[in-house]
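Structure below is input22.txt: compact mmCIF, C-alpha atoms.
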```
# COMPACT_ATOMS: atom_id res chain seq x y z
CA MET Y 321 0.00 0.00 0.00
CA LEU Y 322 1.03 3.56 -0.59
CA PRO Y 323 1.94 5.21 2.70
CA ARG Y 324 -0.66 7.61 3.99
CA GLY Y 325 -0.39 11.21 2.89
CA SER Y 326 1.92 10.49 0.00
CA SER Y 327 1.56 10.91 -3.71
CA PHE Y 328 3.40 9.89 -6.84
CA PRO Y 329 4.21 11.53 -10.18
CA HIS Y 330 1.42 11.68 -12.78
CA GLN Y 331 -1.18 10.87 -10.16
CA THR Y 332 -4.63 11.77 -11.40
CA ALA Y 333 -6.69 14.35 -9.54
CA HIS Y 334 -9.27 11.83 -8.42
CA ALA Y 335 -6.73 9.51 -6.87
CA GLU Y 336 -7.00 6.07 -8.38
CA PRO Y 337 -6.59 3.21 -5.95
CA VAL Y 338 -3.05 1.91 -5.64
CA ALA Y 339 -2.88 -1.86 -5.82
CA LEU Y 340 0.83 -2.30 -5.26
CA PHE Y 341 3.62 -0.02 -4.20
CA ILE Y 342 6.96 -1.73 -4.53
CA ARG Y 343 10.52 -0.76 -3.83
CA ARG Y 344 13.52 -2.69 -5.01
CA HIS Y 345 14.51 -5.60 -2.82
CA TRP Y 346 16.74 -4.63 0.09
CA PHE Y 347 19.49 -6.84 -1.27
CA SER Y 348 20.09 -4.37 -4.12
CA PHE Y 349 21.16 -1.85 -1.47
CA PHE Y 350 23.07 -4.38 0.60
CA THR Y 351 26.20 -4.17 -1.59
CA TRP Y 352 26.36 -0.42 -1.08
CA GLY Y 353 25.90 -0.88 2.65
CA VAL Y 354 28.84 -3.29 2.83
CA LEU Y 355 30.98 -1.01 0.66
CA THR Y 356 30.22 1.98 2.87
CA LEU Y 357 31.10 0.00 5.98
CA ALA Y 358 34.38 -1.05 4.39
CA MET Y 359 35.14 2.56 3.46
CA ILE Y 360 34.48 3.62 7.06
CA LEU Y 361 36.63 0.93 8.60
CA ALA Y 362 39.52 0.84 6.11
CA PRO Y 363 41.34 4.03 7.25
CA ILE Y 364 40.93 3.11 10.93
CA VAL Y 365 42.34 -0.37 10.39
CA ALA Y 366 45.13 0.99 8.18
CA MET Y 367 46.07 3.67 10.71
CA ALA Y 368 45.99 1.25 13.63
CA SER Y 369 47.99 -1.45 11.90
CA VAL Y 370 50.54 0.65 9.96
CA ILE Y 371 51.47 3.60 12.16
CA GLY Y 372 49.56 3.00 15.40
CA ILE Y 373 47.04 5.42 16.80
CA ALA Y 374 49.22 6.22 19.82
CA SER Y 375 51.94 7.65 17.60
CA PHE Y 376 49.55 10.38 16.42
CA THR Y 377 50.69 12.63 19.26
CA ASN Y 378 54.28 12.34 18.08
CA PHE Y 379 53.48 13.88 14.71
CA SER Y 380 54.29 17.46 13.90
CA ARG Y 381 51.46 19.99 13.91
CA THR Y 382 51.35 20.08 10.13
CA GLN Y 383 51.14 16.30 9.92
CA GLN Y 384 48.35 16.24 12.48
CA THR Y 385 46.43 18.92 10.57
CA VAL Y 386 46.83 17.00 7.32
CA LEU Y 387 45.54 13.84 8.97
CA ILE Y 388 42.58 15.53 10.64
CA LEU Y 389 41.47 17.48 7.59
CA GLY Y 390 42.10 14.50 5.30
CA ALA Y 391 40.10 12.16 7.52
CA SER Y 392 37.31 14.69 7.84
CA ALA Y 393 37.07 15.23 4.07
CA TYR Y 394 37.26 11.49 3.49
CA TYR Y 395 34.39 10.67 5.87
CA LEU Y 396 32.25 13.48 4.48
CA PHE Y 397 32.92 12.02 1.04
CA VAL Y 398 31.89 8.54 2.25
CA LEU Y 399 28.72 10.07 3.67
CA ALA Y 400 27.97 11.71 0.32
CA VAL Y 401 28.55 8.41 -1.53
CA PHE Y 402 26.18 6.69 0.87
CA LEU Y 403 23.54 9.35 0.28
CA VAL Y 404 23.75 8.96 -3.50
CA ALA Y 405 23.47 5.17 -3.14
CA TRP Y 406 20.49 5.59 -0.84
CA ILE Y 407 18.74 7.99 -3.23
CA ASP Y 408 19.44 5.60 -6.10
CA TYR Y 409 17.85 2.75 -4.15
CA TYR Y 410 15.08 4.62 -2.40
CA LEU Y 411 13.66 6.50 -5.36
CA ASP Y 412 13.42 3.40 -7.54
CA VAL Y 413 9.76 2.57 -7.20
CA THR Y 414 7.13 0.61 -9.08
CA ILE Y 415 3.52 1.62 -8.57
CA LEU Y 416 0.65 -0.47 -9.81
CA THR Y 417 -2.70 1.27 -9.72
CA GLU Y 418 -5.93 -0.25 -10.89
CA ARG Y 419 -5.43 1.29 -14.34
CA ARG Y 420 -1.77 2.01 -14.84
CA LEU Y 421 1.68 0.73 -14.29
CA ILE Y 422 4.21 3.37 -13.26
CA ASP Y 423 7.91 2.64 -13.06
CA ILE Y 424 10.15 5.27 -11.51
CA HIS Y 425 13.84 4.80 -12.03
CA GLN Y 426 16.49 6.87 -10.35
CA SER Y 427 19.99 6.50 -11.74
CA GLY Y 428 22.60 8.34 -9.72
CA LEU Y 429 21.61 11.81 -8.61
CA PHE Y 430 20.64 13.54 -11.82
CA ASN Y 431 18.75 10.92 -13.83
CA HIS Y 432 15.15 10.47 -12.82
CA ARG Y 433 12.86 8.67 -15.24
CA VAL Y 434 9.15 8.08 -14.86
CA SER Y 435 7.59 5.55 -17.24
CA GLU Y 436 3.89 5.02 -17.34
CA GLN Y 437 1.73 2.57 -19.19
CA SER Y 438 -1.95 1.78 -19.26
CA LEU Y 439 -2.66 -1.73 -18.07
CA LEU Y 440 -4.86 -2.15 -21.13
CA ARG Y 441 -1.75 -2.22 -23.29
CA VAL Y 442 -0.17 -5.09 -21.39
CA GLN Y 443 0.27 -8.16 -23.56
CA ASP Y 444 2.69 -10.48 -21.80
CA VAL Y 445 4.16 -10.59 -18.36
CA SER Y 446 7.17 -12.71 -17.54
CA VAL Y 447 9.29 -13.24 -14.48
CA ARG Y 448 12.95 -14.07 -14.22
CA VAL Y 449 14.60 -15.21 -11.02
CA LYS Y 450 18.26 -15.75 -11.73
CA GLY Y 451 20.91 -17.32 -9.53
CA PRO Y 452 20.99 -18.65 -5.98
CA LEU Y 453 20.83 -15.24 -4.32
CA GLN Y 454 17.66 -14.18 -6.12
CA THR Y 455 16.15 -17.61 -5.51
CA PHE Y 456 17.03 -17.65 -1.82
CA PHE Y 457 15.97 -14.07 -1.10
CA ARG Y 458 12.98 -14.26 -3.45
CA PHE Y 459 13.50 -11.34 -5.77
CA GLY Y 460 13.87 -11.01 -9.52
CA THR Y 461 13.00 -9.17 -12.70
CA VAL Y 462 9.51 -8.65 -14.10
CA TYR Y 463 9.19 -8.04 -17.84
CA VAL Y 464 6.01 -6.43 -19.09
CA GLU Y 465 5.52 -6.49 -22.84
CA THR Y 466 3.19 -3.81 -24.11
CA ALA Y 467 1.27 -3.30 -27.34
CA GLY Y 468 2.27 -0.78 -30.00
CA GLU Y 469 5.35 1.38 -30.12
CA ALA Y 470 5.57 1.81 -26.38
CA PRO Y 471 8.77 0.40 -24.87
CA ASN Y 472 8.47 -2.67 -22.72
CA PHE Y 473 8.82 -2.43 -18.98
CA VAL Y 474 11.73 -4.12 -17.27
CA MET Y 475 11.55 -3.88 -13.49
CA GLN Y 476 14.60 -5.28 -11.80
CA ASN Y 477 15.17 -6.56 -8.27
CA LEU Y 478 11.52 -6.64 -7.32
CA PRO Y 479 10.65 -8.61 -4.19
CA ASP Y 480 8.22 -11.47 -4.76
CA PRO Y 481 8.10 -10.98 -8.56
CA ASN Y 482 5.49 -13.70 -9.11
CA ARG Y 483 2.98 -11.85 -6.96
CA VAL Y 484 3.64 -8.66 -8.95
CA ALA Y 485 3.20 -10.46 -12.28
CA ASN Y 486 -0.01 -12.10 -11.13
CA LYS Y 487 -1.39 -8.80 -9.89
CA ILE Y 488 -0.64 -7.06 -13.21
CA ILE Y 489 -2.45 -9.78 -15.13
CA GLU Y 490 -5.34 -9.80 -12.69
CA LEU Y 491 -5.84 -6.03 -12.96
CA HIS Y 492 -5.47 -6.10 -16.73
CA ASN Y 493 -8.12 -8.79 -17.07
CA ARG Y 494 -10.38 -6.96 -14.66
CA LEU Y 495 -10.16 -3.80 -16.77
CA ILE Y 496 -11.17 -5.75 -19.85
CA ASP Y 497 -14.05 -7.40 -18.02
CA GLN Y 498 -15.25 -3.97 -16.95
CA GLY Y 499 -15.07 -2.72 -20.55
CA TYR Y 500 -12.75 0.10 -19.57
CA GLN Y 501 -11.56 1.97 -22.69
CA GLY Y 502 -9.10 4.36 -21.09
CA ASP Y 503 -6.95 6.47 -23.34
CA SER Y 504 -5.42 3.51 -25.08
CA ASP Y 505 -5.86 2.94 -28.79
CA ALA Y 506 -4.55 -0.57 -28.52
CA ALA Y 507 -7.03 -3.36 -29.00
CA PRO Y 508 -7.36 -4.88 -25.55
CA HIS Y 509 -7.07 -8.58 -25.16
CA PRO Y 510 -6.36 -10.78 -22.17
CA ALA Y 511 -2.75 -10.76 -21.08
CA LYS Y 512 -0.89 -13.96 -20.53
CA LYS Y 513 2.01 -14.88 -18.39
CA ILE Y 514 4.58 -16.28 -20.75
CA SER Y 515 7.15 -17.70 -18.40
CA LEU Y 516 8.02 -18.24 -14.81
CA SER Y 517 11.60 -19.19 -14.24
CA MET O 574 50.86 33.36 12.28
CA ILE O 575 49.74 30.34 10.30
CA PRO O 576 52.44 28.93 8.01
CA ILE O 577 51.50 28.97 4.34
CA PRO O 578 51.25 25.17 3.84
CA ILE O 579 48.76 24.86 6.70
CA PHE O 580 46.88 27.90 5.46
CA LEU O 581 46.66 26.20 2.07
CA LEU O 582 45.37 23.05 3.74
CA TYR O 583 42.61 24.99 5.40
CA LEU O 584 41.83 26.71 2.12
CA VAL O 585 41.55 23.39 0.26
CA TYR O 586 39.38 21.99 3.03
CA ALA O 587 37.17 25.08 2.92
CA VAL O 588 36.73 24.70 -0.84
CA PHE O 589 35.87 21.04 -0.29
CA LEU O 590 33.31 22.03 2.34
CA VAL O 591 31.67 24.50 -0.02
CA GLY O 592 31.34 21.74 -2.63
CA PHE O 593 30.07 19.33 0.01
CA PHE O 594 27.44 21.79 1.22
CA ALA O 595 26.29 22.48 -2.34
CA PHE O 596 26.10 18.78 -3.09
CA SER O 597 24.26 18.07 0.16
CA ALA O 598 21.75 20.84 -0.38
CA PHE O 599 20.97 19.63 -3.87
CA SER O 600 20.79 15.96 -2.83
CA LEU O 601 18.56 16.57 0.16
CA TYR O 602 16.30 18.81 -1.89
CA HIS O 603 16.14 16.05 -4.48
CA LEU O 604 15.24 13.49 -1.83
CA GLU O 605 12.53 15.76 -0.44
CA GLU O 606 11.22 16.60 -3.89
CA TYR O 607 10.98 13.06 -5.18
CA GLY O 608 10.61 11.30 -1.86
CA TYR O 609 6.88 11.15 -2.45
CA VAL O 610 6.61 8.05 -0.34
CA GLY O 611 7.24 10.07 2.75
CA ASP O 612 8.20 7.35 5.19
CA PHE O 613 12.01 7.34 5.22
CA SER O 614 12.88 10.52 3.32
CA ARG O 615 12.67 12.87 6.28
CA PRO O 616 14.52 10.60 8.77
CA MET O 617 17.27 10.11 6.18
CA VAL O 618 17.66 13.87 5.82
CA TYR O 619 17.99 14.20 9.60
CA ILE O 620 20.47 11.33 9.85
CA TYR O 621 22.58 12.78 7.05
CA ILE O 622 22.67 16.25 8.60
CA GLY O 623 23.37 14.75 12.02
CA VAL O 624 26.30 12.64 10.84
CA ALA O 625 27.77 15.47 8.75
CA ALA O 626 27.49 17.87 11.69
CA THR O 627 29.12 15.32 14.00
CA ILE O 628 32.06 14.83 11.61
CA MET O 629 32.58 18.57 11.37
CA LEU O 630 32.29 19.08 15.12
CA VAL O 631 34.84 16.33 15.81
CA THR O 632 37.11 17.87 13.16
CA SER O 633 36.82 21.27 14.80
CA ALA O 634 37.49 19.84 18.25
CA LEU O 635 40.55 17.93 17.05
CA LEU O 636 41.90 20.99 15.24
CA ILE O 637 41.47 23.13 18.34
CA PHE O 638 43.16 20.43 20.40
CA THR O 639 46.01 20.31 17.87
CA ILE O 640 46.49 24.08 17.87
CA ILE O 641 46.47 24.24 21.66
```
If you took the structure in this file and wrote it as structure tokens, what would it be?
Amino acid sequence: MLPRGSSFPHQTAHAEPVALFIRRHWFSFFTWGVLTLAMILAPIVAMASVIGIASFTNFSRTQQTVLILGASAYYLFVLAVFLVAWIDYYLDVTILTERRLIDIHQSGLFNHRVSEQSLLRVQDVSVRVKGPLQTFFRFGTVYVETAGEAPNFVMQNLPDPNRVANKIIELHNRLIDQGYQGDSDAAPHPAKKISLS
Amino acid sequence: MIPIPIFLLYLVYAVFLVGFFAFSAFSLYHLEEYGYVGDFSRPMVYIYIGVAATIMLVTSALLIFTII
């Protein structure tokens, strides 16, 4: 569910019900978390093992200033890297409303892409769970093939991808049963799930 | 009087800080602007500002300690 009091890009004035609100699986951020931890610990371990923390007081004033300012700049840099990684992870969102599929992709700090597609245009939905990690932690990629010139949707690292695929098909078929025309010029027909791997 | 190499160090650090503040302001604005989900955006902003302030406070304290 969409958290209370929040909205998303391209939301219609009369808010359509949100069926699914999905972030990327936490594992896609895990690598950045480990990297950040390593970047935090590396200078401390290096300093302790190579020169010894106690010898810091024996340094000249210039050396101490270099170390302090260098360490400060380094840790602020690590913090900035962590923030960019967090933004990259946190702003990657897939929203499935009862009529549309919206995929928001944040790449780095400056690239923010919002893709939107009517569920009426959905033709095929497939799921790919690749490798032991994705199998064990239950996340994978959902491919949504759409009618016409519109580019297909590829949503990576989604948790429980089978549930997402089933929900897309369910909502698509429900729209057709209701005779919803929407703004799509594509001839609606029931979607099918082409593969589950 | 501060020797020139140390003065240069402070100058470089100050320039770095200006860049860091600009980057932080833009990033946090970005997170607020697009953080439409509203659950973790605000806490993350606070955590980021808190950690950055702590680093700078510790830096200041260590520099004062070094000068004294």
Could you produce a table of the residues of chain O lying within 10 Å of chain Y, with the nearest pair of atoms per residue and their separation in Å rounded to one decimal, using all atoms listed in the file, ordered by chain and increasing residue number, as JSON lines?
```
{"residue": "O:Pro576", "atom": "CA", "partner": "Y:Thr382", "partner_atom": "CA", "distance": 9.2}
{"residue": "O:Pro578", "atom": "CA", "partner": "Y:Thr382", "partner_atom": "CA", "distance": 8.1}
{"residue": "O:Ile579", "atom": "CA", "partner": "Y:Thr382", "partner_atom": "CA", "distance": 6.4}
{"residue": "O:Leu582", "atom": "CA", "partner": "Y:Val386", "partner_atom": "CA", "distance": 7.2}
{"residue": "O:Tyr583", "atom": "CA", "partner": "Y:Leu389", "partner_atom": "CA", "distance": 7.9}
{"residue": "O:Val585", "atom": "CA", "partner": "Y:Leu389", "partner_atom": "CA", "distance": 9.4}
{"residue": "O:Tyr586", "atom": "CA", "partner": "Y:Leu389", "partner_atom": "CA", "distance": 6.7}
{"residue": "O:Ala587", "atom": "CA", "partner": "Y:Leu389", "partner_atom": "CA", "distance": 9.9}
{"residue": "O:Phe589", "atom": "CA", "partner": "Y:Ala393", "partner_atom": "CA", "distance": 7.4}
{"residue": "O:Leu590", "atom": "CA", "partner": "Y:Ala393", "partner_atom": "CA", "distance": 8.0}
{"residue": "O:Phe593", "atom": "CA", "partner": "Y:Leu396", "partner_atom": "CA", "distance": 7.7}
{"residue": "O:Phe596", "atom": "CA", "partner": "Y:Ala400", "partner_atom": "CA", "distance": 8.1}
{"residue": "O:Ser597", "atom": "CA", "partner": "Y:Ala400", "partner_atom": "CA", "distance": 7.4}
{"residue": "O:Phe599", "atom": "CA", "partner": "Y:Leu429", "partner_atom": "CA", "distance": 9.2}
{"residue": "O:Ser600", "atom": "CA", "partner": "Y:Leu429", "partner_atom": "CA", "distance": 7.2}
{"residue": "O:Leu601", "atom": "CA", "partner": "Y:Leu403", "partner_atom": "CA", "distance": 8.8}
{"residue": "O:His603", "atom": "CA", "partner": "Y:Leu429", "partner_atom": "CA", "distance": 8.1}
{"residue": "O:Leu604", "atom": "CA", "partner": "Y:Ile407", "partner_atom": "CA", "distance": 6.7}
{"residue": "O:Tyr607", "atom": "CA", "partner": "Y:Leu411", "partner_atom": "CA", "distance": 7.1}
{"residue": "O:Gly608", "atom": "CA", "partner": "Y:Leu411", "partner_atom": "CA", "distance": 6.7}
{"residue": "O:Tyr609", "atom": "CA", "partner": "Y:Ser327", "partner_atom": "CA", "distance": 5.5}
{"residue": "O:Val610", "atom": "CA", "partner": "Y:Ser326", "partner_atom": "CA", "distance": 5.3}
{"residue": "O:Gly611", "atom": "CA", "partner": "Y:Ser326", "partner_atom": "CA", "distance": 6.0}
{"residue": "O:Asp612", "atom": "CA", "partner": "Y:Pro323", "partner_atom": "CA", "distance": 7.1}
{"residue": "O:Phe613", "atom": "CA", "partner": "Y:Tyr410", "partner_atom": "CA", "distance": 8.7}
{"residue": "O:Ser614", "atom": "CA", "partner": "Y:Tyr410", "partner_atom": "CA", "distance": 8.5}
{"residue": "O:Met617", "atom": "CA", "partner": "Y:Leu403", "partner_atom": "CA", "distance": 8.6}
{"residue": "O:Val618", "atom": "CA", "partner": "Y:Leu403", "partner_atom": "CA", "distance": 9.3}
{"residue": "O:Tyr621", "atom": "CA", "partner": "Y:Leu399", "partner_atom": "CA", "distance": 7.5}
{"residue": "O:Ile622", "atom": "CA", "partner": "Y:Leu399", "partner_atom": "CA", "distance": 10.0}
{"residue": "O:Val624", "atom": "CA", "partner": "Y:Leu399", "partner_atom": "CA", "distance": 8.0}
{"residue": "O:Ala625", "atom": "CA", "partner": "Y:Leu396", "partner_atom": "CA", "distance": 6.5}
{"residue": "O:Ala626", "atom": "CA", "partner": "Y:Leu396", "partner_atom": "CA", "distance": 9.7}
{"residue": "O:Ile628", "atom": "CA", "partner": "Y:Ser392", "partner_atom": "CA", "distance": 6.5}
{"residue": "O:Met629", "atom": "CA", "partner": "Y:Ser392", "partner_atom": "CA", "distance": 7.1}
{"residue": "O:Leu630", "atom": "CA", "partner": "Y:Ser392", "partner_atom": "CA", "distance": 9.9}
{"residue": "O:Val631", "atom": "CA", "partner": "Y:Ser392", "partner_atom": "CA", "distance": 8.5}
{"residue": "O:Thr632", "atom": "CA", "partner": "Y:Ser392", "partner_atom": "CA", "distance": 6.2}
{"residue": "O:Ser633", "atom": "CA", "partner": "Y:Ile388", "partner_atom": "CA", "distance": 9.1}
{"residue": "O:Leu635", "atom": "CA", "partner": "Y:Ile388", "partner_atom": "CA", "distance": 7.1}
{"residue": "O:Leu636", "atom": "CA", "partner": "Y:Thr385", "partner_atom": "CA", "distance": 6.8}
{"residue": "O:Thr639", "atom": "CA", "partner": "Y:Arg381", "partner_atom": "CA", "distance": 6.7}
{"residue": "O:Ile640", "atom": "CA", "partner": "Y:Arg381", "partner_atom": "CA", "distance": 7.6}
```
Given all atoms listed in the file as the counted atoms, nearest of Y:Gly428, Y:Gly353, Y:Pro481, Y:Gly499 to Val464 in chain Y: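 Ranked by minimum distance to Val464 in chain Y, first place goes to Y:Pro481.
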Interatomic distance, CA of Ile496 in chain Y to CA of Arg420 in chain Y (Å, one decimal):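 Computed distance, CA of Ile496 in chain Y to CA of Arg420 in chain Y, equals 13.2 Å.
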Between CA of Asn477 in chain Y and CA of Leu453 in chain Y, distance in Å (one decimal):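 These atoms are spaced 11.1 Å apart.
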For range 425-511 of chain Y of the block above, can you save C-alpha atoms as a PDB file, in the first residue's frame?
```
ATOM      1  CA  HIS Y 425      13.840   4.797 -12.028  1.00  0.00           C
ATOM      2  CA  GLN Y 426      16.492   6.869 -10.354  1.00  0.00           C
ATOM      3  CA  SER Y 427      19.991   6.498 -11.737  1.00  0.00           C
ATOM      4  CA  GLY Y 428      22.595   8.344  -9.718  1.00  0.00           C
ATOM      5  CA  LEU Y 429      21.609  11.809  -8.612  1.00  0.00           C
ATOM      6  CA  PHE Y 430      20.640  13.535 -11.821  1.00  0.00           C
ATOM      7  CA  ASN Y 431      18.755  10.922 -13.827  1.00  0.00           C
ATOM      8  CA  HIS Y 432      15.148  10.474 -12.819  1.00  0.00           C
ATOM      9  CA  ARG Y 433      12.864   8.669 -15.241  1.00  0.00           C
ATOM     10  CA  VAL Y 434       9.151   8.076 -14.858  1.00  0.00           C
ATOM     11  CA  SER Y 435       7.592   5.552 -17.243  1.00  0.00           C
ATOM     12  CA  GLU Y 436       3.887   5.022 -17.337  1.00  0.00           C
ATOM     13  CA  GLN Y 437       1.726   2.571 -19.186  1.00  0.00           C
ATOM     14  CA  SER Y 438      -1.950   1.777 -19.258  1.00  0.00           C
ATOM     15  CA  LEU Y 439      -2.662  -1.734 -18.069  1.00  0.00           C
ATOM     16  CA  LEU Y 440      -4.856  -2.149 -21.133  1.00  0.00           C
ATOM     17  CA  ARG Y 441      -1.749  -2.222 -23.288  1.00  0.00           C
ATOM     18  CA  VAL Y 442      -0.166  -5.089 -21.391  1.00  0.00           C
ATOM     19  CA  GLN Y 443       0.270  -8.164 -23.556  1.00  0.00           C
ATOM     20  CA  ASP Y 444       2.692 -10.478 -21.800  1.00  0.00           C
ATOM     21  CA  VAL Y 445       4.162 -10.586 -18.356  1.00  0.00           C
ATOM     22  CA  SER Y 446       7.169 -12.711 -17.536  1.00  0.00           C
ATOM     23  CA  VAL Y 447       9.293 -13.237 -14.477  1.00  0.00           C
ATOM     24  CA  ARG Y 448      12.947 -14.068 -14.224  1.00  0.00           C
ATOM     25  CA  VAL Y 449      14.601 -15.206 -11.017  1.00  0.00           C
ATOM     26  CA  LYS Y 450      18.260 -15.752 -11.726  1.00  0.00           C
ATOM     27  CA  GLY Y 451      20.913 -17.324  -9.530  1.00  0.00           C
ATOM     28  CA  PRO Y 452      20.995 -18.650  -5.980  1.00  0.00           C
ATOM     29  CA  LEU Y 453      20.832 -15.238  -4.320  1.00  0.00           C
ATOM     30  CA  GLN Y 454      17.659 -14.179  -6.115  1.00  0.00           C
ATOM     31  CA  THR Y 455      16.145 -17.609  -5.507  1.00  0.00           C
ATOM     32  CA  PHE Y 456      17.030 -17.649  -1.817  1.00  0.00           C
ATOM     33  CA  PHE Y 457      15.967 -14.069  -1.095  1.00  0.00           C
ATOM     34  CA  ARG Y 458      12.985 -14.259  -3.446  1.00  0.00           C
ATOM     35  CA  PHE Y 459      13.501 -11.340  -5.773  1.00  0.00           C
ATOM     36  CA  GLY Y 460      13.866 -11.012  -9.516  1.00  0.00           C
ATOM     37  CA  THR Y 461      12.999  -9.171 -12.701  1.00  0.00           C
ATOM     38  CA  VAL Y 462       9.515  -8.652 -14.098  1.00  0.00           C
ATOM     39  CA  TYR Y 463       9.189  -8.039 -17.845  1.00  0.00           C
ATOM     40  CA  VAL Y 464       6.005  -6.431 -19.093  1.00  0.00           C
ATOM     41  CA  GLU Y 465       5.517  -6.492 -22.839  1.00  0.00           C
ATOM     42  CA  THR Y 466       3.186  -3.807 -24.108  1.00  0.00           C
ATOM     43  CA  ALA Y 467       1.273  -3.302 -27.345  1.00  0.00           C
ATOM     44  CA  GLY Y 468       2.272  -0.785 -29.997  1.00  0.00           C
ATOM     45  CA  GLU Y 469       5.351   1.380 -30.116  1.00  0.00           C
ATOM     46  CA  ALA Y 470       5.572   1.808 -26.381  1.00  0.00           C
ATOM     47  CA  PRO Y 471       8.767   0.401 -24.868  1.00  0.00           C
ATOM     48  CA  ASN Y 472       8.470  -2.668 -22.718  1.00  0.00           C
ATOM     49  CA  PHE Y 473       8.815  -2.429 -18.980  1.00  0.00           C
ATOM     50  CA  VAL Y 474      11.732  -4.122 -17.266  1.00  0.00           C
ATOM     51  CA  MET Y 475      11.546  -3.884 -13.492  1.00  0.00           C
ATOM     52  CA  GLN Y 476      14.604  -5.283 -11.801  1.00  0.00           C
ATOM     53  CA  ASN Y 477      15.170  -6.555  -8.273  1.00  0.00           C
ATOM     54  CA  LEU Y 478      11.516  -6.645  -7.319  1.00  0.00           C
ATOM     55  CA  PRO Y 479      10.646  -8.609  -4.187  1.00  0.00           C
ATOM     56  CA  ASP Y 480       8.224 -11.475  -4.757  1.00  0.00           C
ATOM     57  CA  PRO Y 481       8.096 -10.983  -8.557  1.00  0.00           C
ATOM     58  CA  ASN Y 482       5.488 -13.703  -9.107  1.00  0.00           C
ATOM     59  CA  ARG Y 483       2.983 -11.851  -6.965  1.00  0.00           C
ATOM     60  CA  VAL Y 484       3.640  -8.659  -8.954  1.00  0.00           C
ATOM     61  CA  ALA Y 485       3.197 -10.459 -12.281  1.00  0.00           C
ATOM     62  CA  ASN Y 486      -0.013 -12.099 -11.131  1.00  0.00           C
ATOM     63  CA  LYS Y 487      -1.387  -8.798  -9.891  1.00  0.00           C
ATOM     64  CA  ILE Y 488      -0.638  -7.059 -13.212  1.00  0.00           C
ATOM     65  CA  ILE Y 489      -2.454  -9.784 -15.130  1.00  0.00           C
ATOM     66  CA  GLU Y 490      -5.336  -9.797 -12.686  1.00  0.00           C
ATOM     67  CA  LEU Y 491      -5.844  -6.031 -12.960  1.00  0.00           C
ATOM     68  CA  HIS Y 492      -5.468  -6.103 -16.733  1.00  0.00           C
ATOM     69  CA  ASN Y 493      -8.116  -8.787 -17.072  1.00  0.00           C
ATOM     70  CA  ARG Y 494     -10.380  -6.960 -14.659  1.00  0.00           C
ATOM     71  CA  LEU Y 495     -10.162  -3.795 -16.774  1.00  0.00           C
ATOM     72  CA  ILE Y 496     -11.169  -5.755 -19.851  1.00  0.00           C
ATOM     73  CA  ASP Y 497     -14.052  -7.402 -18.021  1.00  0.00           C
ATOM     74  CA  GLN Y 498     -15.252  -3.971 -16.946  1.00  0.00           C
ATOM     75  CA  GLY Y 499     -15.074  -2.718 -20.554  1.00  0.00           C
ATOM     76  CA  TYR Y 500     -12.752   0.103 -19.575  1.00  0.00           C
ATOM     77  CA  GLN Y 501     -11.557   1.975 -22.690  1.00  0.00           C
ATOM     78  CA  GLY Y 502      -9.101   4.356 -21.093  1.00  0.00           C
ATOM     79  CA  ASP Y 503      -6.949   6.470 -23.344  1.00  0.00           C
ATOM     80  CA  SER Y 504      -5.418   3.512 -25.080  1.00  0.00           C
ATOM     81  CA  ASP Y 505      -5.865   2.939 -28.790  1.00  0.00           C
ATOM     82  CA  ALA Y 506      -4.553  -0.566 -28.524  1.00  0.00           C
ATOM     83  CA  ALA Y 507      -7.030  -3.356 -28.999  1.00  0.00           C
ATOM     84  CA  PRO Y 508      -7.361  -4.879 -25.552  1.00  0.00           C
ATOM     85  CA  HIS Y 509      -7.070  -8.576 -25.158  1.00  0.00           C
ATOM     86  CA  PRO Y 510      -6.362 -10.776 -22.169  1.00  0.00           C
ATOM     87  CA  ALA Y 511      -2.752 -10.756 -21.082  1.00  0.00           C
TER      88      ALA Y 511
END
```
